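Visitor: Structure incoming, see below.
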Amino acid sequence: MLKMIGQRLMTTIPSIIGVIIVTFLLTRVLPGDTAAYFAGPAASPQAIAEIRGKLGLDQPLPVQFVSYVTALLKGDLGQSLTTGQPVTRDIAARLPASAELTLAGLLLAMAVALPLGVLAAVKQGSWIDHLCRIVATAGVSLPVFFTGLLLVYVFYFLLGWSPAPLGRLDVFASEPPGVTGFLLVDMLLARDLEGFRAAFSQLILPAVTLAIFSLAPITRMTRASMLAVLGADFVRTARASGLTNGKVIGTYAFRNAMLPVVTTLGMVFSFLLGANVLVEKVFAWPGIGSYAVEALIASDYAPIQGFVLTMAVMYVALNLMIDVLYGVIDPRVRLEG
């Protein structure tokens with residue numbers, strides 16, 4: 001297993017280097033002038049040129065790239081011009097909010113999609129199977145921002161069941177001491193049950209929005225994988241040996257069907273990190289996605305580069321975690337490694 005993890009890590013180094021190069025070049029060809037944006041519409045060309053010189057944007061691209069990589073090796077992602085803070089500090093403050101929202105949406109989707117996919121495969125052609133197809137079609141067809149706006153309209157505007165979609169906490173609740181960055185966990189650590197209820201109520205609608213978006217691929221893959229496994233020889237042998245249907249499905253079929261499902265979960269998690277950008281704007285969620293959008297509008301290079309690099313590192317770590325889970329689920333993967 002350790003050898004396999006080491007091999008996977010070695011293959012990720014070229015990917016990270018490629019992300020750094022491509023992100024740097026793309027930010028330099030984006031429309032808009034950073035110096036002109038921050039100088040203001042009434043600034044003279046001389047003032048804009050002075051700001052461009054202070055930011056180092058008047059240097060040739062190779063010189064700018066060397067300076068960027070040198071600072072990156074020191075752990076310095078630069079400074080955001082929109083917030084005035086180091087990008088590392090901004091990302092560290094906003095990343096837990098995005099991670100909490102993404103994990104909540106993924107866990108909610110798994111709680112619905114996995115049982116639904118298994119039941120649809122076991123009872124093929126029944127009403128549960130048709131419900132699975134309807135859920136998968138709806139999840140693919142509805143844009144994530146439309147789902148969020150629809151939920152806000154129904155549960156906040158019409159019914160009044162949900163609080164105003166204005167961030168992680170309402171104006172009447174106070175944030176707990178920051179320990180993990182996950183608001184629900186920090187509320188429990190501070191033993192603030194009222195604050196936990198307020199944070200949970202703010203999290204429900206955006207988490208449901210992401211869950212609906214991710215239901216389709218998880219449900220379809222679970223159903224397809226279970227159908228393939230249920231027709232295998234070892235399942236027929238287990239049933240011929242007199243094992244109960246629950247034992248065959250829960251112990252033998254489901255575990256062997258989990259490998260492609262785990263791969264799908266990893267892909268869905270990476271998709272949710274991208275979908276977070278729209279959900280965070282709809283619900284005014286102070287996450288890393290909205291931070292990157294604001295920097296993109298202002299042509300602020302450093303936060304955009306820091307955001308893309310952070311997402312790339314998280315994606316690499318996620319793939320490594322999937323490889324480890326492969327070895328836990330199927331011992332043959334460890335032997336092959």
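Identifiers in the structure tokens: chain A, B, ... in order shown; residue index from 1 per chain; ligand index from 1 in order shown.
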From a DSSP pass on the backbone, collect the residues of segment 43-281 of chain A flagged as helix (DSSP H, G or I) and hand them back as a PyMOL selection string.
Guide: chain A and resi 45-55+61-73+87-122+127-141+144-158+183-189+193-230+233-240+245-281
Visitor: If you count only C-alpha atoms, which residues fall within 12 Å of segment 149-162 of chain A, apart from same-chain ones fewer than 4 positions away, as a PyMOL selection string?
Guide: chain A and resi 142-145+166+170+197-210+212+278-284
Visitor: Give one line per residue of segment 247-315 of chain A that approaches segment 99-116 of chain A to at most 12 Å, naming the two atoms of the closest pair and their distance in Å to one decimal, counting only C-alpha atoms; sort by chain then ascending residue number and deliver it as a Markdown table.
Guide:
| residue | atom | partner | partner_atom | distance |
| --- | --- | --- | --- | --- |
| A:Ile249 | CA | A:Pro115 | CA | 11.7 |
| A:Gly250 | CA | A:Pro115 | CA | 11.1 |
| A:Phe254 | CA | A:Leu114 | CA | 10.0 |
| A:Ala257 | CA | A:Leu114 | CA | 11.0 |
| A:Met258 | CA | A:Leu114 | CA | 10.0 |
| A:Val261 | CA | A:Leu114 | CA | 9.0 |
| A:Val262 | CA | A:Met110 | CA | 10.8 |
| A:Thr264 | CA | A:Met110 | CA | 11.1 |
| A:Leu265 | CA | A:Leu106 | CA | 8.2 |
| A:Gly266 | CA | A:Leu106 | CA | 10.1 |
| A:Met267 | CA | A:Leu106 | CA | 11.2 |
| A:Val268 | CA | A:Leu106 | CA | 8.0 |
| A:Phe269 | CA | A:Leu106 | CA | 6.9 |
| A:Ser270 | CA | A:Thr102 | CA | 9.3 |
| A:Phe271 | CA | A:Thr102 | CA | 9.7 |
| A:Leu272 | CA | A:Thr102 | CA | 6.2 |
| A:Leu273 | CA | A:Thr102 | CA | 6.6 |
| A:Gly274 | CA | A:Thr102 | CA | 9.9 |
| A:Ala275 | CA | A:Thr102 | CA | 9.2 |
| A:Asn276 | CA | A:Thr102 | CA | 7.3 |
| A:Val277 | CA | A:Thr102 | CA | 11.0 |
| A:Val279 | CA | A:Leu101 | CA | 9.5 |
| A:Glu280 | CA | A:Leu101 | CA | 9.2 |
| A:Phe283 | CA | A:Leu101 | CA | 11.2 |
| A:Trp285 | CA | A:Leu101 | CA | 9.0 |
| A:Pro286 | CA | A:Leu101 | CA | 10.5 |
| A:Gly287 | CA | A:Ala99 | CA | 8.4 |
| A:Ile288 | CA | A:Ala99 | CA | 9.1 |
| A:Gly289 | CA | A:Ala99 | CA | 10.6 |
| A:Met311 | CA | A:Ala99 | CA | 11.2 |
| A:Met314 | CA | A:Ala99 | CA | 10.5 |
Visitor: If you count only C-alpha atoms, which residues fall within 9 Å of Thr23 of chain A, apart from same-chain ones fewer than 5 positions away, as a PyMOL selection string?
Guide: chain A and resi 18+28+304-305+308-309
Visitor: Quick one: write out the picked residues with N, CA and C atoms as a PDB file, in the first residue's frame?
Guide:
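Once everything was written out, this is part-v3.pdb:
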ATOM      1  N   GLY A  18       2.111  21.521 -14.120  1.00  0.00           N
ATOM      2  CA  GLY A  18       1.302  21.968 -15.254  1.00  0.00           C
ATOM      3  C   GLY A  18       0.213  22.936 -14.837  1.00  0.00           C
ATOM      4  N   ARG A  28      -2.813  35.942 -17.134  1.00  0.00           N
ATOM      5  CA  ARG A  28      -2.199  37.079 -17.839  1.00  0.00           C
ATOM      6  C   ARG A  28      -2.915  37.425 -19.136  1.00  0.00           C
ATOM      7  N   ILE A 304      -6.851  34.281  -7.755  1.00  0.00           N
ATOM      8  CA  ILE A 304      -7.268  33.303  -8.766  1.00  0.00           C
ATOM      9  C   ILE A 304      -6.253  32.169  -8.840  1.00  0.00           C
ATOM     10  N   GLN A 305      -4.967  32.525  -8.869  1.00  0.00           N
ATOM     11  CA  GLN A 305      -3.933  31.503  -8.912  1.00  0.00           C
ATOM     12  C   GLN A 305      -3.942  30.658  -7.642  1.00  0.00           C
ATOM     13  N   VAL A 308      -7.033  28.196  -7.847  1.00  0.00           N
ATOM     14  CA  VAL A 308      -6.847  27.071  -8.762  1.00  0.00           C
ATOM     15  C   VAL A 308      -5.825  26.092  -8.199  1.00  0.00           C
ATOM     16  N   LEU A 309      -4.747  26.596  -7.626  1.00  0.00           N
ATOM     17  CA  LEU A 309      -3.722  25.719  -7.057  1.00  0.00           C
ATOM     18  C   LEU A 309      -4.280  24.938  -5.867  1.00  0.00           C
TER      19      LEU A 309
END
Visitor: For segment 179-190 of chain A, list every protein, DNA or RNA residue within 9 Å, evaluated using only C-alpha atoms, and leave out those in the same chain fewer than 3 positions away; present the list as a PDB file with N, CA and C atoms, in the first residue's frame.
Guide:
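Writing done, so here's out01.pdb:
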ATOM      1  N   ALA A  92      -7.344  30.196   3.870  1.00  0.00           N
ATOM      2  CA  ALA A  92      -7.484  29.450   5.119  1.00  0.00           C
ATOM      3  C   ALA A  92      -8.757  29.833   5.865  1.00  0.00           C
ATOM      4  N   ALA A  93      -9.190  31.085   5.714  1.00  0.00           N
ATOM      5  CA  ALA A  93     -10.400  31.532   6.401  1.00  0.00           C
ATOM      6  C   ALA A  93     -11.668  31.087   5.680  1.00  0.00           C
ATOM      7  N   ARG A  94     -11.605  30.971   4.347  1.00  0.00           N
ATOM      8  CA  ARG A  94     -12.807  30.679   3.570  1.00  0.00           C
ATOM      9  C   ARG A  94     -12.943  29.208   3.176  1.00  0.00           C
ATOM     10  N   LEU A  95     -11.849  28.491   3.118  1.00  0.00           N
ATOM     11  CA  LEU A  95     -11.905  27.098   2.670  1.00  0.00           C
ATOM     12  C   LEU A  95     -12.756  26.214   3.583  1.00  0.00           C
ATOM     13  N   PRO A  96     -12.695  26.348   4.923  1.00  0.00           N
ATOM     14  CA  PRO A  96     -13.576  25.510   5.753  1.00  0.00           C
ATOM     15  C   PRO A  96     -15.053  25.694   5.463  1.00  0.00           C
ATOM     16  N   ALA A  97     -15.479  26.911   5.114  1.00  0.00           N
ATOM     17  CA  ALA A  97     -16.892  27.131   4.788  1.00  0.00           C
ATOM     18  C   ALA A  97     -17.288  26.353   3.544  1.00  0.00           C
ATOM     19  N   ALA A  99     -15.690  23.689   2.336  1.00  0.00           N
ATOM     20  CA  ALA A  99     -15.569  22.259   2.622  1.00  0.00           C
ATOM     21  C   ALA A  99     -16.766  21.754   3.418  1.00  0.00           C
ATOM     22  N   GLU A 100     -17.232  22.541   4.390  1.00  0.00           N
ATOM     23  CA  GLU A 100     -18.388  22.127   5.180  1.00  0.00           C
ATOM     24  C   GLU A 100     -19.630  22.003   4.309  1.00  0.00           C
ATOM     25  N   ARG A 168     -23.529  31.976   6.578  1.00  0.00           N
ATOM     26  CA  ARG A 168     -23.493  30.800   7.444  1.00  0.00           C
ATOM     27  C   ARG A 168     -24.262  30.999   8.745  1.00  0.00           C
ATOM     28  N   GLU A 175     -20.594  33.900  16.263  1.00  0.00           N
ATOM     29  CA  GLU A 175     -19.712  32.799  15.895  1.00  0.00           C
ATOM     30  C   GLU A 175     -18.973  32.267  17.115  1.00  0.00           C
ATOM     31  N   PRO A 176     -18.745  30.950  17.163  1.00  0.00           N
ATOM     32  CA  PRO A 176     -17.992  30.364  18.279  1.00  0.00           C
ATOM     33  C   PRO A 176     -16.496  30.570  18.077  1.00  0.00           C
ATOM     34  N   LEU A 193     -25.853  25.062  21.676  1.00  0.00           N
ATOM     35  CA  LEU A 193     -26.875  24.341  20.922  1.00  0.00           C
ATOM     36  C   LEU A 193     -27.757  25.283  20.107  1.00  0.00           C
ATOM     37  N   GLU A 194     -28.021  26.470  20.632  1.00  0.00           N
ATOM     38  CA  GLU A 194     -28.825  27.427  19.887  1.00  0.00           C
ATOM     39  C   GLU A 194     -28.074  27.909  18.653  1.00  0.00           C
ATOM     40  N   GLY A 195     -26.766  28.142  18.804  1.00  0.00           N
ATOM     41  CA  GLY A 195     -25.957  28.518  17.648  1.00  0.00           C
ATOM     42  C   GLY A 195     -25.843  27.382  16.642  1.00  0.00           C
ATOM     43  N   PHE A 196     -25.777  26.144  17.133  1.00  0.00           N
ATOM     44  CA  PHE A 196     -25.736  24.989  16.240  1.00  0.00           C
ATOM     45  C   PHE A 196     -27.025  24.905  15.425  1.00  0.00           C
ATOM     46  N   ARG A 197     -28.155  25.136  16.078  1.00  0.00           N
ATOM     47  CA  ARG A 197     -29.429  25.100  15.362  1.00  0.00           C
ATOM     48  C   ARG A 197     -29.486  26.195  14.294  1.00  0.00           C
ATOM     49  N   ALA A 199     -26.884  27.638  12.763  1.00  0.00           N
ATOM     50  CA  ALA A 199     -25.955  27.316  11.676  1.00  0.00           C
ATOM     51  C   ALA A 199     -26.494  26.181  10.816  1.00  0.00           C
ATOM     52  N   PHE A 200     -27.130  25.205  11.451  1.00  0.00           N
ATOM     53  CA  PHE A 200     -27.679  24.072  10.700  1.00  0.00           C
ATOM     54  C   PHE A 200     -28.828  24.522   9.799  1.00  0.00           C
TER      55      PHE A 200
END
Visitor: One number please: atom CA of Leu25 of chain A to atom CA of Ser290 of chain A, in Å, one decimal.
Guide: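 Computing the Euclidean distance for atom CA of Leu25 of chain A and atom CA of Ser290 of chain A yields 22.0 Å.
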Visitor: With only C-alpha atoms as the basis for distance, which of A:Arg220, A:Tyr315, A:Ile48, A:Gly75 is at the shortest distance from Val87 of chain A?
Guide: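 Distance minimum relative to Val87 of chain A lands on A:Gly75.
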Visitor: Go through A:Val229, A:Val29, A:Ala211, A:Ala302 one by one, measure the shortest atom-to-atom distance of each to Val135 of chain A using only C-alpha atoms, and give the residue with the smallest value.
Guide: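 Ranked by minimum distance to Val135 of chain A, first place goes to A:Ala211.
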Visitor: Which residues come within 12 Å of segment 63-71 of chain A, counting only C-alpha atoms, excluding same-chain residues fewer than 4 positions away, as a VMD selection string?
Guide: chain A and resid 17 20 to 25 27 to 28 53 55 to 59 75 to 79 88 301 to 302 305 to 306
Visitor: May I have the selected residues written with C-alpha atoms, as a PDB file, in the first residue's frame?
Guide:
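Wrote out-v7.pdb, looks like this:
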ATOM      1  CA  ILE A  17       3.607  21.864 -12.236  1.00  0.00           C
ATOM      2  CA  ILE A  20       0.960  26.300 -12.008  1.00  0.00           C
ATOM      3  CA  ILE A  21       2.143  27.110 -15.533  1.00  0.00           C
ATOM      4  CA  VAL A  22      -1.295  27.079 -17.166  1.00  0.00           C
ATOM      5  CA  THR A  23      -2.907  29.137 -14.391  1.00  0.00           C
ATOM      6  CA  PHE A  24      -0.172  31.757 -14.551  1.00  0.00           C
ATOM      7  CA  LEU A  25      -0.491  32.116 -18.316  1.00  0.00           C
ATOM      8  CA  THR A  27      -4.476  34.936 -15.694  1.00  0.00           C
ATOM      9  CA  ARG A  28      -2.199  37.079 -17.839  1.00  0.00           C
ATOM     10  CA  GLY A  53       5.201  49.062 -11.915  1.00  0.00           C
ATOM     11  CA  LEU A  55       2.648  45.368  -8.917  1.00  0.00           C
ATOM     12  CA  GLY A  56       5.446  44.121 -11.165  1.00  0.00           C
ATOM     13  CA  LEU A  57       3.123  43.843 -14.152  1.00  0.00           C
ATOM     14  CA  ASP A  58       5.478  45.853 -16.353  1.00  0.00           C
ATOM     15  CA  GLN A  59       8.067  43.066 -16.217  1.00  0.00           C
ATOM     16  CA  GLY A  75       4.624  29.229   0.787  1.00  0.00           C
ATOM     17  CA  ASP A  76       3.654  32.723  -0.340  1.00  0.00           C
ATOM     18  CA  LEU A  77       0.641  32.839  -2.672  1.00  0.00           C
ATOM     19  CA  GLY A  78       0.819  36.612  -2.938  1.00  0.00           C
ATOM     20  CA  GLN A  79      -1.451  39.327  -1.627  1.00  0.00           C
ATOM     21  CA  THR A  88      -2.967  32.215   2.143  1.00  0.00           C
ATOM     22  CA  TYR A 301      -4.305  37.557 -10.228  1.00  0.00           C
ATOM     23  CA  ALA A 302      -3.025  36.246  -6.902  1.00  0.00           C
ATOM     24  CA  GLN A 305      -3.933  31.503  -8.912  1.00  0.00           C
ATOM     25  CA  GLY A 306      -4.206  30.536  -5.253  1.00  0.00           C
TER      26      GLY A 306
END
Visitor: What gap, in Å, lies between atom CA of Thr263 of chain A and atom CA of Gln7 of chain A?
Guide: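 It comes out at 18.6 Å.
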Visitor: One number please: atom CA of Thr11 of chain A to atom CA of Val316 of chain A, in Å, one decimal.
Guide: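 Rounded to one decimal, the two atoms are 9.9 Å apart.
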Visitor: With only C-alpha atoms as the basis for distance, which of A:Ile16, A:Thr82, A:Asp323, A:Ile51 is at the shortest distance from Ile297 of chain A?
Guide: A:Thr82
